[in-house]
Amino acid sequence: MADHEAPAGSEKQPRSVRVVLLALMITMMLAMLDNMIVGTAMPTIVGELGGLQHLSWVVTAYTLATAASTPLWGKLGDMYGRKGAFMSSIVIFLVGSALSGMAQNMGQLIGFRAVQGLGAGGLMVGVMAIIGDLIPPRERGKYQGMMAAVMALAMIGGPLVGGTITDHWGWRWAFYINLPLGAVSLALISAVLHLPKKRSQARIDYPGALLLTVGITSIVLVTTWGGTEYAWTSARIMELIGIGVAALVGFVFWQTRAAEPVVPMHIFRSRNFSLMSAIGFITGFVMFGATLFLPLYQQAVQGASATNSGLLLLPMLGAMLVVSMIAGRVTTNSGRYKVFPVVGSVLMVVGLFLLAQMGTGTSRFTSGVYMAVLGAGMGCLMQITMLVAQNSVEMRDMGVASSTTTLARTLGSSFGVAIMGALFNNRVQHVMAERAGSLGSKITAQSAQLDAKSLEKLPAAAREAYQYAVSSGTHSAFLLGAVVAVASLVAAVFVKEVPLRGAGPDKRAGGAAGDAADAQPAVAEAV
């Protein structure tokens, strides 16, 4: 096994690691920006390509392909080398982006978005796994702020960038913009990143991959279609639930027998890894639910402009960024981290409970304070979950650990948006019927979420009823989020504080058996 490993104290390491991190952050930005930019461009895309009835599939195809391919990319990186798998995922993502920009009809766009999603599944996994290879866990906390900053920038800037690109360059550039950024990332990674080369003799576990893909696809379709395309109790949704459960049960059974399993079941023997996967799921559930309903509340109830919807989340994202940086520094300096999942979970529960108290008279300042509390909680959790999960497995399982944790957060976001969305819609329609009678039922018959133009056209009494209904809907959604977040606190209490690899004067300090490996992380070496 070839190993380009520089001494830990070499002068070349910091420079090369910084260059690689720049490339990784660009790639992370690609993964996070895409859906937000494309979402802003969708009305224009439909106007040119038509196919309004298939609009949801532009997002669904991408989401399905991303979720299904995420664990496979992690396993491929473990088996055949992290660098090759990561660069391949970037290339596939860029090919899908280019083809999406050239699409001539809605069918082509949906197909090309699926290609793009296949590549996207390896982007976040690759970033996290390579950071896991390059930087010891004790030192990794320094870079948490960088990753949180990219996430905040993507959430705030995505809608603004998407609107600007669509208005001035055309919707096709919402996809083409990925090409120069991806090319820079590929060039930097190719030139600077050097990791141990691997070549596994084992064959890819195709039956396991198929079962996992069917299971994940069924789950995502249930959360995407349930309550929108089909009623939750419809035969189609019940069929998908049955297929998904059967596939995932079969997958777990098969993984205990496969020679080279896609997701080795032994990684779940680590209590910390299992707990961090659960916390990641809950964080995804809460975070994406919050980013969906907060702008809606502020636009419908507080009269904010939809154009600057990303800026409405600034108190939450700013707090998340600052706290993530502080948590990273404290973890690096002290080697201790258990306090952050516990405190983060408490703040998340409190923040969601406060947001559930918002009414039609809540000021923007007050709601901003509530958002900051929630953001501080997520800042404690976002990167710590990945750090502890990676520290809980052996180096050879770094890829599947990263992909499994990423997948847990992705599935959590799907469930969060679906369940909180169903509760919100039901509550809004019920309150509108209660306060505005048949007119209220008619207004929300098609959708419980009205855009600014539709809201302006409503009679004053109906508009006031809708504002009250949205306030009531967000109350129910955030209250549910607070109850779910309690499970994160319970999980955090049981986290065992295993020493981080690379901690203290002894760079090879490992953890307890089954929770940490003694292997040294690989180090990048400048060319």
# chains A, B, ... in the order shown; residues from 1 in each chain; ligands from 1

$ closest_atom_pairs --of "segment 32-121 of chain A" --to "segment 19-24 of chain A" --cutoff "12 Å" --atoms "only C-alpha atoms" --output "Markdown table"
| residue | atom | partner | partner_atom | distance |
| --- | --- | --- | --- | --- |
| A:Lys83 | CA | A:Val20 | CA | 11.2 |
| A:Phe86 | CA | A:Leu24 | CA | 10.0 |
| A:Met87 | CA | A:Leu24 | CA | 10.9 |
| A:Ile90 | CA | A:Leu24 | CA | 10.8 |

$ residues_around --residues "Ala152 of chain A" --least-positions-apart "6" --cutoff "12 Å" --atoms "only C-alpha atoms" --output "number ranges by chain"
A: 28-29, 32-33, 145-146, 158, 291, 310-322, 324, 375, 378-379, 382

$ write_last_selection --atoms "N, CA and C atoms" --output "PDB file, in the first residue's frame"
ATOM      1  N   MET A  28     -18.251  21.361  -0.808  1.00  0.00           N
ATOM      2  CA  MET A  28     -19.355  21.385   0.156  1.00  0.00           C
ATOM      3  C   MET A  28     -20.368  22.465  -0.222  1.00  0.00           C
ATOM      4  N   MET A  29     -19.854  23.606  -0.690  1.00  0.00           N
ATOM      5  CA  MET A  29     -20.727  24.691  -1.129  1.00  0.00           C
ATOM      6  C   MET A  29     -21.579  24.248  -2.315  1.00  0.00           C
ATOM      7  N   MET A  32     -24.460  22.078  -1.079  1.00  0.00           N
ATOM      8  CA  MET A  32     -25.495  22.746  -0.292  1.00  0.00           C
ATOM      9  C   MET A  32     -26.249  23.806  -1.079  1.00  0.00           C
ATOM     10  N   LEU A  33     -25.569  24.451  -2.037  1.00  0.00           N
ATOM     11  CA  LEU A  33     -26.191  25.541  -2.782  1.00  0.00           C
ATOM     12  C   LEU A  33     -27.196  25.059  -3.815  1.00  0.00           C
ATOM     13  N   GLY A 145     -15.853  25.713  12.445  1.00  0.00           N
ATOM     14  CA  GLY A 145     -16.384  27.020  12.100  1.00  0.00           C
ATOM     15  C   GLY A 145     -16.401  27.244  10.603  1.00  0.00           C
ATOM     16  N   MET A 146     -15.357  26.725   9.916  1.00  0.00           N
ATOM     17  CA  MET A 146     -15.281  26.860   8.470  1.00  0.00           C
ATOM     18  C   MET A 146     -16.461  26.153   7.805  1.00  0.00           C
ATOM     19  N   GLY A 158     -28.064  31.266  -1.063  1.00  0.00           N
ATOM     20  CA  GLY A 158     -28.648  30.439  -2.118  1.00  0.00           C
ATOM     21  C   GLY A 158     -29.805  31.085  -2.849  1.00  0.00           C
ATOM     22  N   THR A 291     -36.039  25.708   8.831  1.00  0.00           N
ATOM     23  CA  THR A 291     -35.726  26.545   7.669  1.00  0.00           C
ATOM     24  C   THR A 291     -36.889  26.606   6.691  1.00  0.00           C
ATOM     25  N   GLY A 310     -33.679  34.367   2.577  1.00  0.00           N
ATOM     26  CA  GLY A 310     -32.487  33.804   3.212  1.00  0.00           C
ATOM     27  C   GLY A 310     -32.015  34.642   4.382  1.00  0.00           C
ATOM     28  N   LEU A 311     -32.133  35.971   4.264  1.00  0.00           N
ATOM     29  CA  LEU A 311     -31.679  36.865   5.323  1.00  0.00           C
ATOM     30  C   LEU A 311     -32.533  36.734   6.582  1.00  0.00           C
ATOM     31  N   LEU A 312     -33.763  36.247   6.423  1.00  0.00           N
ATOM     32  CA  LEU A 312     -34.644  36.095   7.571  1.00  0.00           C
ATOM     33  C   LEU A 312     -34.102  35.075   8.569  1.00  0.00           C
ATOM     34  N   LEU A 313     -33.263  34.176   8.081  1.00  0.00           N
ATOM     35  CA  LEU A 313     -32.708  33.121   8.942  1.00  0.00           C
ATOM     36  C   LEU A 313     -31.382  33.527   9.580  1.00  0.00           C
ATOM     37  N   LEU A 314     -30.960  34.764   9.347  1.00  0.00           N
ATOM     38  CA  LEU A 314     -29.637  35.195   9.814  1.00  0.00           C
ATOM     39  C   LEU A 314     -29.435  35.032  11.321  1.00  0.00           C
ATOM     40  N   PRO A 315     -30.399  35.359  12.196  1.00  0.00           N
ATOM     41  CA  PRO A 315     -30.160  35.153  13.634  1.00  0.00           C
ATOM     42  C   PRO A 315     -29.852  33.688  13.962  1.00  0.00           C
ATOM     43  N   MET A 316     -30.580  32.757  13.351  1.00  0.00           N
ATOM     44  CA  MET A 316     -30.354  31.343  13.614  1.00  0.00           C
ATOM     45  C   MET A 316     -29.003  30.888  13.059  1.00  0.00           C
ATOM     46  N   LEU A 317     -28.725  31.252  11.808  1.00  0.00           N
ATOM     47  CA  LEU A 317     -27.488  30.802  11.169  1.00  0.00           C
ATOM     48  C   LEU A 317     -26.261  31.481  11.762  1.00  0.00           C
ATOM     49  N   GLY A 318     -26.402  32.759  12.135  1.00  0.00           N
ATOM     50  CA  GLY A 318     -25.279  33.462  12.759  1.00  0.00           C
ATOM     51  C   GLY A 318     -24.914  32.840  14.098  1.00  0.00           C
ATOM     52  N   ALA A 319     -25.933  32.540  14.909  1.00  0.00           N
ATOM     53  CA  ALA A 319     -25.678  31.895  16.200  1.00  0.00           C
ATOM     54  C   ALA A 319     -25.066  30.517  15.995  1.00  0.00           C
ATOM     55  N   MET A 320     -25.560  29.780  14.996  1.00  0.00           N
ATOM     56  CA  MET A 320     -25.011  28.459  14.701  1.00  0.00           C
ATOM     57  C   MET A 320     -23.534  28.548  14.335  1.00  0.00           C
ATOM     58  N   LEU A 321     -23.173  29.542  13.534  1.00  0.00           N
ATOM     59  CA  LEU A 321     -21.781  29.724  13.113  1.00  0.00           C
ATOM     60  C   LEU A 321     -20.878  30.049  14.296  1.00  0.00           C
ATOM     61  N   VAL A 322     -21.279  31.025  15.109  1.00  0.00           N
ATOM     62  CA  VAL A 322     -20.446  31.453  16.242  1.00  0.00           C
ATOM     63  C   VAL A 322     -20.257  30.322  17.248  1.00  0.00           C
ATOM     64  N   SER A 324     -20.630  27.100  16.778  1.00  0.00           N
ATOM     65  CA  SER A 324     -19.860  26.004  16.190  1.00  0.00           C
ATOM     66  C   SER A 324     -18.362  26.282  16.258  1.00  0.00           C
ATOM     67  N   GLY A 375     -30.441  28.252  16.925  1.00  0.00           N
ATOM     68  CA  GLY A 375     -29.192  28.207  16.169  1.00  0.00           C
ATOM     69  C   GLY A 375     -28.005  27.840  17.037  1.00  0.00           C
ATOM     70  N   MET A 378     -28.075  24.092  17.561  1.00  0.00           N
ATOM     71  CA  MET A 378     -27.609  23.350  16.383  1.00  0.00           C
ATOM     72  C   MET A 378     -26.111  23.553  16.157  1.00  0.00           C
ATOM     73  N   GLY A 379     -25.596  24.721  16.547  1.00  0.00           N
ATOM     74  CA  GLY A 379     -24.157  24.957  16.435  1.00  0.00           C
ATOM     75  C   GLY A 379     -23.345  24.013  17.304  1.00  0.00           C
ATOM     76  N   MET A 382     -24.026  20.274  15.089  1.00  0.00           N
ATOM     77  CA  MET A 382     -23.867  19.992  13.660  1.00  0.00           C
ATOM     78  C   MET A 382     -22.584  19.236  13.339  1.00  0.00           C
TER      79      MET A 382
END

$ residues_around --residues "Thr27 of chain A" --least-positions-apart "3" --cutoff "7 Å" --atoms "only C-alpha atoms" --output "PyMOL selection string"
chain A and resi 23-24+30-31+123+182+185

$ select_by_dssp --residues "segment 94-336 of chain A" --states "helix (DSSP H, G or I)" --output "number ranges by chain"
A: 94-101, 106-120, 123-134, 137-168, 173-176, 178-192, 206-225, 235-255, 265-269, 271-300, 309-334

$ residues_around --residues "Gly242 of chain A" --least-positions-apart "4" --cutoff "12 Å" --atoms "only C-alpha atoms" --output "PyMOL selection string"
chain A and resi 214-215+218-219+222+235-238+246-249

$ write_last_selection --atoms "C-alpha atoms" --output "PDB file, in the first residue's frame"
ATOM      1  CA  VAL A 214     -34.984   0.201  -2.597  1.00  0.00           C
ATOM      2  CA  GLY A 215     -35.453   0.857   1.128  1.00  0.00           C
ATOM      3  CA  SER A 218     -39.333   3.978  -0.592  1.00  0.00           C
ATOM      4  CA  ILE A 219     -38.787   6.040   2.562  1.00  0.00           C
ATOM      5  CA  VAL A 222     -43.287   8.224   1.393  1.00  0.00           C
ATOM      6  CA  ALA A 235     -52.889   2.310  -0.874  1.00  0.00           C
ATOM      7  CA  ARG A 236     -49.835   3.738  -2.684  1.00  0.00           C
ATOM      8  CA  ILE A 237     -48.290   5.107   0.524  1.00  0.00           C
ATOM      9  CA  MET A 238     -49.047   1.868   2.405  1.00  0.00           C
ATOM     10  CA  ALA A 246     -39.204  -5.228   3.951  1.00  0.00           C
ATOM     11  CA  ALA A 247     -36.171  -3.979   1.988  1.00  0.00           C
ATOM     12  CA  LEU A 248     -34.457  -2.492   5.050  1.00  0.00           C
ATOM     13  CA  VAL A 249     -35.089  -5.586   7.179  1.00  0.00           C
TER      14      VAL A 249
END

$ closest_atom_pairs --of "segment 196-314 of chain A" --to "segment 58-62 of chain A" --cutoff "10 Å" --atoms "only C-alpha atoms" --output "Markdown table"
| residue | atom | partner | partner_atom | distance |
| --- | --- | --- | --- | --- |
| A:Thr217 | CA | A:Ala61 | CA | 9.9 |
| A:Val220 | CA | A:Thr60 | CA | 8.4 |
| A:Leu221 | CA | A:Thr60 | CA | 7.9 |
| A:Thr224 | CA | A:Thr60 | CA | 7.4 |
| A:Trp225 | CA | A:Thr60 | CA | 9.5 |

$ write_last_selection --atoms "N, CA, C and O atoms" --output "PDB file, in the first residue's frame"
ATOM      1  N   THR A 217     -35.203   4.627  -1.180  1.00  0.00           N
ATOM      2  CA  THR A 217     -36.103   5.224  -2.174  1.00  0.00           C
ATOM      3  C   THR A 217     -37.543   5.208  -1.683  1.00  0.00           C
ATOM      4  O   THR A 217     -38.268   6.207  -1.800  1.00  0.00           O
ATOM      5  N   VAL A 220     -37.994   7.867   1.150  1.00  0.00           N
ATOM      6  CA  VAL A 220     -38.004   9.241   0.640  1.00  0.00           C
ATOM      7  C   VAL A 220     -39.297   9.528  -0.123  1.00  0.00           C
ATOM      8  O   VAL A 220     -39.874  10.614  -0.015  1.00  0.00           O
ATOM      9  N   LEU A 221     -39.778   8.550  -0.902  1.00  0.00           N
ATOM     10  CA  LEU A 221     -41.034   8.753  -1.632  1.00  0.00           C
ATOM     11  C   LEU A 221     -42.219   8.885  -0.676  1.00  0.00           C
ATOM     12  O   LEU A 221     -43.128   9.692  -0.909  1.00  0.00           O
ATOM     13  N   THR A 224     -42.022  12.308   0.730  1.00  0.00           N
ATOM     14  CA  THR A 224     -42.229  13.329  -0.295  1.00  0.00           C
ATOM     15  C   THR A 224     -43.681  13.378  -0.760  1.00  0.00           C
ATOM     16  O   THR A 224     -44.261  14.448  -0.933  1.00  0.00           O
ATOM     17  N   TRP A 225     -44.287  12.206  -0.964  1.00  0.00           N
ATOM     18  CA  TRP A 225     -45.646  12.131  -1.504  1.00  0.00           C
ATOM     19  C   TRP A 225     -46.736  12.161  -0.442  1.00  0.00           C
ATOM     20  O   TRP A 225     -47.851  12.576  -0.715  1.00  0.00           O
TER      21      TRP A 225
END
